[in-house]
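Q: Dropping the structure in here first, questions after.
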Amino acid sequence: MQNIDWGGLPFGYFKTDYNVRCYYRDGKWGEIEVSSSEFINIHMAATCLHYGQEAFEGMKAFRGKDEKIRLFRWQDNAARMRQSAQGIMMAEVPDEIFYKMVTKAVRLNEKYVPPFGHGAALYIRPLLIGTGVQVGVSPAKEYLFMVFVGPVGPYFKEGFNPVNIQIVRDYDRAAPQGTGAIKVGGNYAGGLKPTERAKAEGYPAVLFLEAKENKYIDEAGPANFFAIKGNKYITPKSDSILPSITNKSLMQLARDMGMEVERRAVAVEELAEFEEVGACGTAAIISPIKKIVDRETGQVYEFCKDGKAGPVSEKLYRKLQAIQYGEEPDTYGWVTFLD
Ligand SMILES: Cc1ncc(COP(=O)(O)O)c(C=O)c1O
């Protein structure tokens, strides 16, 4: 194994030793298989290649100060993957198989779980694809569920430092009654063009508005959006955003810190009234936002005027990290120790 610079890891693909696979055929899931190949052999007419029968998850395992490896809220990822499967008519992965495969993939690659203290974690990528053959649009009869892992650092190179983001109005991430609330590949394909354009223009992420009226905030690229105003934690309620497990956790922590949580439609103009804004998700936990620029109107909203994350965002970030790395007790039952 090469020497890994745990503190300098980017967020990206990292080759590890093994991945875990399970095939659904004849109406049932088969045996769990271990593979050391990074490749899969599938039929050219597999539905994942033509009709977008593909869903994935993103979760992390953390090594605590006590050396123990912790999975964070895996049950929520398993449930969301089931929702995604239902949404695009794929075979659902039972929790038991999901858990067995995730823990097996982590165990087999245990040496890649970053040591405590570098802010790094083992990223876990469960993937479900239609492998059955269809020409003519219909769901496959065969599926492959696999789990691969790799050590990662922060999603944005800025880490917990504030980022600039861009509001896009000429592209939608998901249709109002479409697949925005499930984690399927098509949503990300639709977001590539505006995201790459934003990067070229100096913004690491985009802020999508809901597609129907283009008035309300949906989400921030691969992360949910939240804002702080006085004693309130405000986050969009929309049928076309992914229900983020990080956001759900932050809402709980905010409540327990005595804050009021509002989940509701958030109009773009409200940005002018917010004291702190951020993007939240497994990859970054919280990315504080420094500046939001509306690409079309030129309107600029500024936050973190001293260049630092706001105090509430910072407190929430530290609290969630402390639970994930086992520095503070997990009173919510969010953490599962790898046995
Ligand atoms: C579109 C989108 N929104 C939000 C999130 C954040 O969700 P979570 O906190 O469960 O990682 C993700 C990442 O999974 C995402 O891809």
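Chain identifiers are assigned as A, B, and so on, following the order in which chains appear in the structure tokens; residues are numbered from 1 within each chain, and ligands are numbered from 1 in order of appearance.
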Hey, what's within 10 Å of stretch 30-44 of chain A if we count only C-alpha atoms and toss same-chain stuff fewer than 6 positions away? As a list in words, please?
A: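 Non-adjacent residues within range: Lys15, Thr16, Asp17, Tyr18, Asn19, Val20, Arg21, Cys22, Tyr23, Tyr24, His50, Ile97, Lys100, Met101, Lys104, Ala105, Leu108, Gly130, Thr131, Gly132, Val133, Gln134, Leu144, Phe145, Met146, Val147 and Phe148 of chain A.
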Q: As number ranges by chain, please: every protein or nucleic acid residue near ligand 1 (cut-off 6 Å, counting only C-alpha atoms and all ligand atoms).
A: A: 58, 221-224, 242, 244-247, 281-282
Q: Can you write out the residues you just picked, keeping N, CA and C atoms, as an mmCIF file, in the first residue's frame?
A:
data_model
loop_
_atom_site.group_PDB
_atom_site.id
_atom_site.type_symbol
_atom_site.label_atom_id
_atom_site.label_comp_id
_atom_site.auth_asym_id
_atom_site.auth_seq_id
_atom_site.Cartn_x
_atom_site.Cartn_y
_atom_site.Cartn_z
ATOM 1 N N GLY A 58 -24.293 7.844 -1.022
ATOM 2 C CA GLY A 58 -23.008 8.367 -0.579
ATOM 3 C C GLY A 58 -23.049 8.434 0.928
ATOM 4 N N GLY A 221 -26.268 22.339 -5.821
ATOM 5 C CA GLY A 221 -25.530 21.252 -6.472
ATOM 6 C C GLY A 221 -25.785 19.953 -5.731
ATOM 7 N N PRO A 222 -24.735 19.253 -5.293
ATOM 8 C CA PRO A 222 -24.943 17.970 -4.599
ATOM 9 C C PRO A 222 -25.115 18.145 -3.097
ATOM 10 N N ALA A 223 -25.808 19.173 -2.687
ATOM 11 C CA ALA A 223 -25.985 19.439 -1.255
ATOM 12 C C ALA A 223 -27.275 20.209 -1.041
ATOM 13 N N ASN A 224 -27.861 20.087 0.137
ATOM 14 C CA ASN A 224 -29.040 20.887 0.490
ATOM 15 C C ASN A 224 -28.588 22.297 0.893
ATOM 16 N N LEU A 242 -33.231 16.443 -2.957
ATOM 17 C CA LEU A 242 -32.922 15.182 -2.294
ATOM 18 C C LEU A 242 -33.061 15.373 -0.785
ATOM 19 N N SER A 244 -31.740 15.264 2.286
ATOM 20 C CA SER A 244 -30.365 15.077 2.772
ATOM 21 C C SER A 244 -30.352 14.570 4.206
ATOM 22 N N ILE A 245 -29.544 13.552 4.440
ATOM 23 C CA ILE A 245 -29.426 12.977 5.779
ATOM 24 C C ILE A 245 -28.628 13.928 6.683
ATOM 25 N N THR A 246 -27.697 14.633 6.092
ATOM 26 C CA THR A 246 -26.940 15.635 6.855
ATOM 27 C C THR A 246 -27.874 16.753 7.314
ATOM 28 N N ASN A 247 -28.721 17.212 6.383
ATOM 29 C CA ASN A 247 -29.651 18.290 6.721
ATOM 30 C C ASN A 247 -30.604 17.847 7.839
ATOM 31 N N GLY A 281 -24.194 18.392 3.216
ATOM 32 C CA GLY A 281 -24.273 17.045 2.646
ATOM 33 C C GLY A 281 -23.172 16.175 3.223
ATOM 34 N N THR A 282 -23.255 14.885 2.960
ATOM 35 C CA THR A 282 -22.269 13.936 3.485
ATOM 36 C C THR A 282 -20.834 14.348 3.140
#
Q: Using only C-alpha atoms, which of the listed residues (A:Leu316, A:Cys48, A:Val268, A:Ala61) sits closest to A:Tyr301?
A: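 With only C-alpha atoms as the atom set, the closest residue is A:Val268.
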Q: Using DSSP on the backbone coordinates, identify all residues within stretch 20-202 of chain A classified as helix (DSSP H, G or I); present the result as number ranges by chain.
A: A: 47-50, 74-87, 95-108, 110-112, 185-200
Q: Write a file of the just-selected residues containing N, CA and C atoms, as a compact mmCIF listing (two decimals), in the first residue's frame.
A:
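Below is the file again-v2.txt, written as the result:
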# COMPACT_ATOMS: atom_id res chain seq x y z
N THR A 47 -30.28 -1.95 -19.07
CA THR A 47 -31.13 -0.75 -18.95
C THR A 47 -30.41 0.44 -18.31
N CYS A 48 -29.38 0.16 -17.51
CA CYS A 48 -28.65 1.29 -16.89
C CYS A 48 -27.96 2.13 -17.95
N LEU A 49 -27.62 1.52 -19.06
CA LEU A 49 -26.91 2.25 -20.12
C LEU A 49 -27.84 3.02 -21.03
N HIS A 50 -29.09 2.60 -21.08
CA HIS A 50 -30.01 3.22 -22.06
C HIS A 50 -31.12 4.04 -21.40
N TRP A 74 -26.52 4.67 8.58
CA TRP A 74 -26.60 3.84 7.38
C TRP A 74 -28.04 3.45 7.04
N GLN A 75 -28.90 3.36 8.07
CA GLN A 75 -30.29 2.95 7.83
C GLN A 75 -31.01 3.98 6.93
N ASP A 76 -30.62 5.25 7.10
CA ASP A 76 -31.25 6.29 6.27
C ASP A 76 -30.81 6.18 4.81
N ASN A 77 -29.53 5.82 4.62
CA ASN A 77 -29.06 5.64 3.24
C ASN A 77 -29.73 4.42 2.60
N ALA A 78 -29.90 3.36 3.40
CA ALA A 78 -30.53 2.15 2.88
C ALA A 78 -31.98 2.47 2.48
N ALA A 79 -32.66 3.24 3.34
CA ALA A 79 -34.06 3.59 3.05
C ALA A 79 -34.15 4.48 1.81
N ARG A 80 -33.22 5.42 1.69
CA ARG A 80 -33.25 6.32 0.53
C ARG A 80 -32.97 5.54 -0.76
N MET A 81 -32.08 4.55 -0.66
CA MET A 81 -31.81 3.75 -1.85
C MET A 81 -33.04 2.93 -2.25
N ARG A 82 -33.79 2.49 -1.26
CA ARG A 82 -35.04 1.78 -1.58
C ARG A 82 -36.02 2.71 -2.29
N GLN A 83 -36.10 3.95 -1.79
CA GLN A 83 -36.96 4.95 -2.44
C GLN A 83 -36.53 5.20 -3.87
N SER A 84 -35.22 5.30 -4.07
CA SER A 84 -34.70 5.53 -5.42
C SER A 84 -35.08 4.36 -6.32
N ALA A 85 -34.93 3.14 -5.79
CA ALA A 85 -35.25 1.94 -6.58
C ALA A 85 -36.74 1.95 -6.96
N GLN A 86 -37.58 2.28 -5.99
CA GLN A 86 -39.03 2.36 -6.27
C GLN A 86 -39.31 3.40 -7.34
N GLY A 87 -38.62 4.52 -7.24
CA GLY A 87 -38.86 5.67 -8.13
C GLY A 87 -38.57 5.37 -9.58
N ASP A 95 -32.58 -4.06 3.63
CA ASP A 95 -31.63 -3.48 4.59
C ASP A 95 -30.54 -4.45 5.00
N GLU A 96 -30.91 -5.70 5.17
CA GLU A 96 -29.96 -6.69 5.64
C GLU A 96 -28.80 -6.87 4.66
N ILE A 97 -29.14 -6.91 3.37
CA ILE A 97 -28.10 -7.06 2.34
C ILE A 97 -27.28 -5.77 2.26
N PHE A 98 -27.97 -4.64 2.32
CA PHE A 98 -27.29 -3.34 2.27
C PHE A 98 -26.26 -3.26 3.39
N TYR A 99 -26.68 -3.58 4.60
CA TYR A 99 -25.79 -3.48 5.76
C TYR A 99 -24.62 -4.46 5.66
N LYS A 100 -24.94 -5.69 5.28
CA LYS A 100 -23.88 -6.71 5.17
C LYS A 100 -22.83 -6.28 4.15
N MET A 101 -23.29 -5.75 3.04
CA MET A 101 -22.35 -5.40 1.97
C MET A 101 -21.54 -4.16 2.31
N VAL A 102 -22.19 -3.18 2.95
CA VAL A 102 -21.46 -1.98 3.35
C VAL A 102 -20.39 -2.34 4.38
N THR A 103 -20.77 -3.11 5.38
CA THR A 103 -19.79 -3.43 6.43
C THR A 103 -18.67 -4.32 5.88
N LYS A 104 -19.02 -5.21 4.96
CA LYS A 104 -18.00 -6.07 4.36
C LYS A 104 -17.00 -5.23 3.55
N ALA A 105 -17.52 -4.29 2.78
CA ALA A 105 -16.64 -3.44 1.96
C ALA A 105 -15.71 -2.61 2.84
N VAL A 106 -16.24 -2.13 3.96
CA VAL A 106 -15.40 -1.33 4.87
C VAL A 106 -14.36 -2.22 5.53
N ARG A 107 -14.79 -3.35 6.05
CA ARG A 107 -13.87 -4.29 6.73
C ARG A 107 -12.72 -4.72 5.82
N LEU A 108 -13.09 -5.10 4.60
CA LEU A 108 -12.07 -5.60 3.66
C LEU A 108 -11.05 -4.51 3.29
N GLU A 110 -10.20 -1.98 5.45
CA GLU A 110 -10.04 -1.28 6.73
C GLU A 110 -8.80 -0.39 6.79
N LYS A 111 -7.75 -0.82 6.12
CA LYS A 111 -6.51 -0.04 6.18
C LYS A 111 -6.65 1.31 5.48
N TYR A 112 -7.71 1.48 4.72
CA TYR A 112 -7.93 2.75 4.04
C TYR A 112 -8.84 3.69 4.83
N GLY A 185 -28.90 8.79 -11.29
CA GLY A 185 -27.88 9.42 -12.13
C GLY A 185 -28.38 10.54 -13.01
N GLY A 186 -29.58 10.40 -13.55
CA GLY A 186 -30.10 11.39 -14.48
C GLY A 186 -30.13 12.81 -13.92
N ASN A 187 -30.41 12.92 -12.62
CA ASN A 187 -30.44 14.26 -12.00
C ASN A 187 -29.06 14.93 -12.10
N TYR A 188 -28.03 14.11 -11.97
CA TYR A 188 -26.67 14.67 -11.96
C TYR A 188 -26.23 15.00 -13.38
N ALA A 189 -26.68 14.18 -14.34
CA ALA A 189 -26.36 14.45 -15.74
C ALA A 189 -26.93 15.83 -16.12
N GLY A 190 -28.16 16.08 -15.69
CA GLY A 190 -28.82 17.34 -16.00
C GLY A 190 -28.12 18.54 -15.39
N GLY A 191 -27.42 18.30 -14.31
CA GLY A 191 -26.74 19.41 -13.62
C GLY A 191 -25.32 19.67 -14.08
N LEU A 192 -24.78 18.77 -14.92
CA LEU A 192 -23.37 18.91 -15.29
C LEU A 192 -23.05 20.21 -16.02
N LYS A 193 -23.88 20.55 -17.00
CA LYS A 193 -23.56 21.73 -17.83
C LYS A 193 -23.50 23.03 -17.02
N PRO A 194 -24.56 23.35 -16.25
CA PRO A 194 -24.46 24.58 -15.47
C PRO A 194 -23.35 24.52 -14.41
N THR A 195 -23.08 23.32 -13.87
CA THR A 195 -22.06 23.21 -12.83
C THR A 195 -20.67 23.46 -13.41
N GLU A 196 -20.40 22.86 -14.55
CA GLU A 196 -19.08 23.07 -15.17
C GLU A 196 -18.92 24.52 -15.64
N ARG A 197 -20.01 25.10 -16.11
CA ARG A 197 -19.94 26.51 -16.52
C ARG A 197 -19.64 27.39 -15.31
N ALA A 198 -20.32 27.08 -14.19
CA ALA A 198 -20.09 27.87 -12.97
C ALA A 198 -18.64 27.74 -12.52
N LYS A 199 -18.10 26.53 -12.57
CA LYS A 199 -16.70 26.34 -12.17
C LYS A 199 -15.78 27.18 -13.04
N ALA A 200 -16.04 27.17 -14.36
CA ALA A 200 -15.21 27.94 -15.28
C ALA A 200 -15.33 29.44 -14.97
Q: Skip A:Ala220 itself and residues of its chain fewer than 3 positions away, then list as a ChimeraX atom specification all residues within 7 Å of it, counting only C-alpha atoms.
A: /A:205-208,223-225,279
Q: May I have the selected residues written with C-alpha atoms, as a tab-separated table (two decimals), in the first residue's frame?
A:
chain	number	residue	atom	x	y	z
A	205	ALA	CA	-21.11	25.14	-7.02
A	206	VAL	CA	-24.47	26.28	-8.32
A	207	LEU	CA	-27.71	27.02	-6.54
A	208	PHE	CA	-30.70	25.55	-8.37
A	223	ALA	CA	-25.98	19.44	-1.25
A	224	ASN	CA	-29.04	20.89	0.49
A	225	PHE	CA	-29.27	24.57	1.33
A	279	ALA	CA	-24.65	23.95	1.74
Q: Quick one: pull the distance between atom CA of A:Val261 and atom CA of A:Ala121, Å, one decimal.
A: 28.6 Å
Q: I'd like the neighbourhood of A:Glu262 as JSON, numbers by chain, where a residue qualifies if any of its atoms comes within 12 Å (using only C-alpha atoms), though same-chain residues fewer than 5 positions away should be ignored.
A: {"A": [226, 227, 228, 229, 231, 232, 233, 234, 235, 236, 237, 248, 251, 252, 254, 255]}
Q: With C-alpha atoms retained, write the just-selected residues as a CSV table (one decimal), in the first residue's frame.
A:
chain,number,residue,atom,x,y,z
A,226,PHE,CA,-29.8,26.1,4.8
A,227,ALA,CA,-29.9,29.6,6.2
A,228,ILE,CA,-29.7,31.1,9.7
A,229,LYS,CA,-31.8,34.1,10.6
A,231,ASN,CA,-32.7,31.9,16.2
A,232,LYS,CA,-34.1,30.1,13.1
A,233,TYR,CA,-32.6,27.4,11.0
A,234,ILE,CA,-34.4,27.7,7.6
A,235,THR,CA,-34.2,25.1,4.8
A,236,PRO,CA,-36.2,24.6,1.6
A,237,LYS,CA,-39.2,22.3,1.5
A,248,LYS,CA,-32.0,16.1,8.8
A,251,MET,CA,-32.2,20.2,11.9
A,252,GLN,CA,-32.2,17.9,14.9
A,254,ALA,CA,-30.4,23.0,15.7
A,255,ARG,CA,-33.6,22.1,17.6
Q: Would you mind listing what lies within 7 Å of A:Lys308 as a list in words, with only C-alpha atoms counted and same-chain residues fewer than 3 positions away left out?
A: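 Here the answer would be Asn161, Pro162 and Cys304 of chain A.
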Q: Tell me which protein, DNA and RNA residues are within 10 Å of A:Leu209, counting only C-alpha atoms, leaving out same-chain ones fewer than 5 positions away, and put them as an NGL selection string.
A: :A and (167-174 or 214-220 or 240-241 or 266-268)
Q: Next, dump the selected residues to file, keeping only N, CA and C atoms, as a PDB file, in the first residue's frame.
A:
ATOM      1  N   ILE A 167     -26.294  31.363  -8.691  1.00  0.00           N
ATOM      2  CA  ILE A 167     -27.691  30.979  -8.974  1.00  0.00           C
ATOM      3  C   ILE A 167     -27.847  30.824 -10.484  1.00  0.00           C
ATOM      4  N   VAL A 168     -28.383  29.660 -10.906  1.00  0.00           N
ATOM      5  CA  VAL A 168     -28.626  29.480 -12.345  1.00  0.00           C
ATOM      6  C   VAL A 168     -30.130  29.509 -12.599  1.00  0.00           C
ATOM      7  N   ARG A 169     -30.489  30.167 -13.667  1.00  0.00           N
ATOM      8  CA  ARG A 169     -31.921  30.239 -14.029  1.00  0.00           C
ATOM      9  C   ARG A 169     -32.188  29.635 -15.395  1.00  0.00           C
ATOM     10  N   ASP A 170     -31.142  29.369 -16.148  1.00  0.00           N
ATOM     11  CA  ASP A 170     -31.349  28.847 -17.503  1.00  0.00           C
ATOM     12  C   ASP A 170     -31.220  27.317 -17.572  1.00  0.00           C
ATOM     13  N   TYR A 171     -31.014  26.664 -16.428  1.00  0.00           N
ATOM     14  CA  TYR A 171     -31.026  25.200 -16.390  1.00  0.00           C
ATOM     15  C   TYR A 171     -31.795  24.756 -15.149  1.00  0.00           C
ATOM     16  N   ASP A 172     -32.487  23.636 -15.244  1.00  0.00           N
ATOM     17  CA  ASP A 172     -33.134  23.040 -14.072  1.00  0.00           C
ATOM     18  C   ASP A 172     -32.450  21.725 -13.773  1.00  0.00           C
ATOM     19  N   ARG A 173     -32.363  21.419 -12.491  1.00  0.00           N
ATOM     20  CA  ARG A 173     -31.757  20.151 -12.098  1.00  0.00           C
ATOM     21  C   ARG A 173     -32.761  19.005 -12.254  1.00  0.00           C
ATOM     22  N   ALA A 174     -34.001  19.285 -11.881  1.00  0.00           N
ATOM     23  CA  ALA A 174     -35.018  18.229 -11.908  1.00  0.00           C
ATOM     24  C   ALA A 174     -36.378  18.851 -12.199  1.00  0.00           C
ATOM     25  N   ASN A 214     -39.303  29.161 -10.718  1.00  0.00           N
ATOM     26  CA  ASN A 214     -37.986  29.804 -10.636  1.00  0.00           C
ATOM     27  C   ASN A 214     -37.933  30.917  -9.587  1.00  0.00           C
ATOM     28  N   LYS A 215     -38.701  30.731  -8.510  1.00  0.00           N
ATOM     29  CA  LYS A 215     -38.780  31.776  -7.489  1.00  0.00           C
ATOM     30  C   LYS A 215     -38.138  31.351  -6.190  1.00  0.00           C
ATOM     31  N   TYR A 216     -38.174  30.045  -5.950  1.00  0.00           N
ATOM     32  CA  TYR A 216     -37.733  29.517  -4.656  1.00  0.00           C
ATOM     33  C   TYR A 216     -36.433  28.723  -4.793  1.00  0.00           C
ATOM     34  N   ILE A 217     -35.685  28.684  -3.699  1.00  0.00           N
ATOM     35  CA  ILE A 217     -34.416  27.969  -3.708  1.00  0.00           C
ATOM     36  C   ILE A 217     -34.679  26.468  -3.572  1.00  0.00           C
ATOM     37  N   ASP A 218     -34.039  25.679  -4.411  1.00  0.00           N
ATOM     38  CA  ASP A 218     -34.131  24.222  -4.307  1.00  0.00           C
ATOM     39  C   ASP A 218     -32.911  23.701  -3.543  1.00  0.00           C
ATOM     40  N   GLU A 219     -31.828  23.444  -4.252  1.00  0.00           N
ATOM     41  CA  GLU A 219     -30.641  23.012  -3.513  1.00  0.00           C
ATOM     42  C   GLU A 219     -29.360  23.446  -4.182  1.00  0.00           C
ATOM     43  N   ALA A 220     -28.258  23.186  -3.493  1.00  0.00           N
ATOM     44  CA  ALA A 220     -26.963  23.692  -3.939  1.00  0.00           C
ATOM     45  C   ALA A 220     -26.147  22.547  -4.524  1.00  0.00           C
ATOM     46  N   SER A 240     -38.674  18.471  -5.204  1.00  0.00           N
ATOM     47  CA  SER A 240     -37.642  18.109  -6.183  1.00  0.00           C
ATOM     48  C   SER A 240     -36.218  18.212  -5.637  1.00  0.00           C
ATOM     49  N   ILE A 241     -36.081  18.206  -4.296  1.00  0.00           N
ATOM     50  CA  ILE A 241     -34.719  18.163  -3.744  1.00  0.00           C
ATOM     51  C   ILE A 241     -34.498  16.833  -3.041  1.00  0.00           C
ATOM     52  N   VAL A 266     -38.438  28.751   0.263  1.00  0.00           N
ATOM     53  CA  VAL A 266     -37.563  29.883   0.575  1.00  0.00           C
ATOM     54  C   VAL A 266     -37.362  30.702  -0.706  1.00  0.00           C
ATOM     55  N   ALA A 267     -37.929  31.910  -0.731  1.00  0.00           N
ATOM     56  CA  ALA A 267     -37.819  32.756  -1.919  1.00  0.00           C
ATOM     57  C   ALA A 267     -36.401  33.303  -2.057  1.00  0.00           C
ATOM     58  N   VAL A 268     -35.962  33.453  -3.292  1.00  0.00           N
ATOM     59  CA  VAL A 268     -34.594  33.934  -3.552  1.00  0.00           C
ATOM     60  C   VAL A 268     -34.336  35.274  -2.843  1.00  0.00           C
TER      61      VAL A 268
END
Q: Looking only at the backbone, which of the residues in stretch 142-304 of chain A does DSSP tag as strand (DSSP E), as a PyMOL selection string?
A: chain A and resi 143-152+163-168+205-209+217-220+224-229+232-236+260-264+276-281+285-294+300-302
Q: Check the smallest atom-to-atom distance from each of A:Gly307, A:Pro114, A:Gly119, A:Gly150 to A:Val163 using only C-alpha atoms, then report the winner.
A: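 That would be A:Gly307, the residue with the smallest distance to A:Val163.
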Q: Excluding A:His118 and any residue of its chain fewer than 2 positions from it, enumerate the residues within 8 Å of it, using only C-alpha atoms, and give them as a list of chain:residue names.
A: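 Counting only the stated atoms, we get A:Trp6, A:Gly7, A:Pro114, A:Pro115, A:Phe116, A:Ala120.
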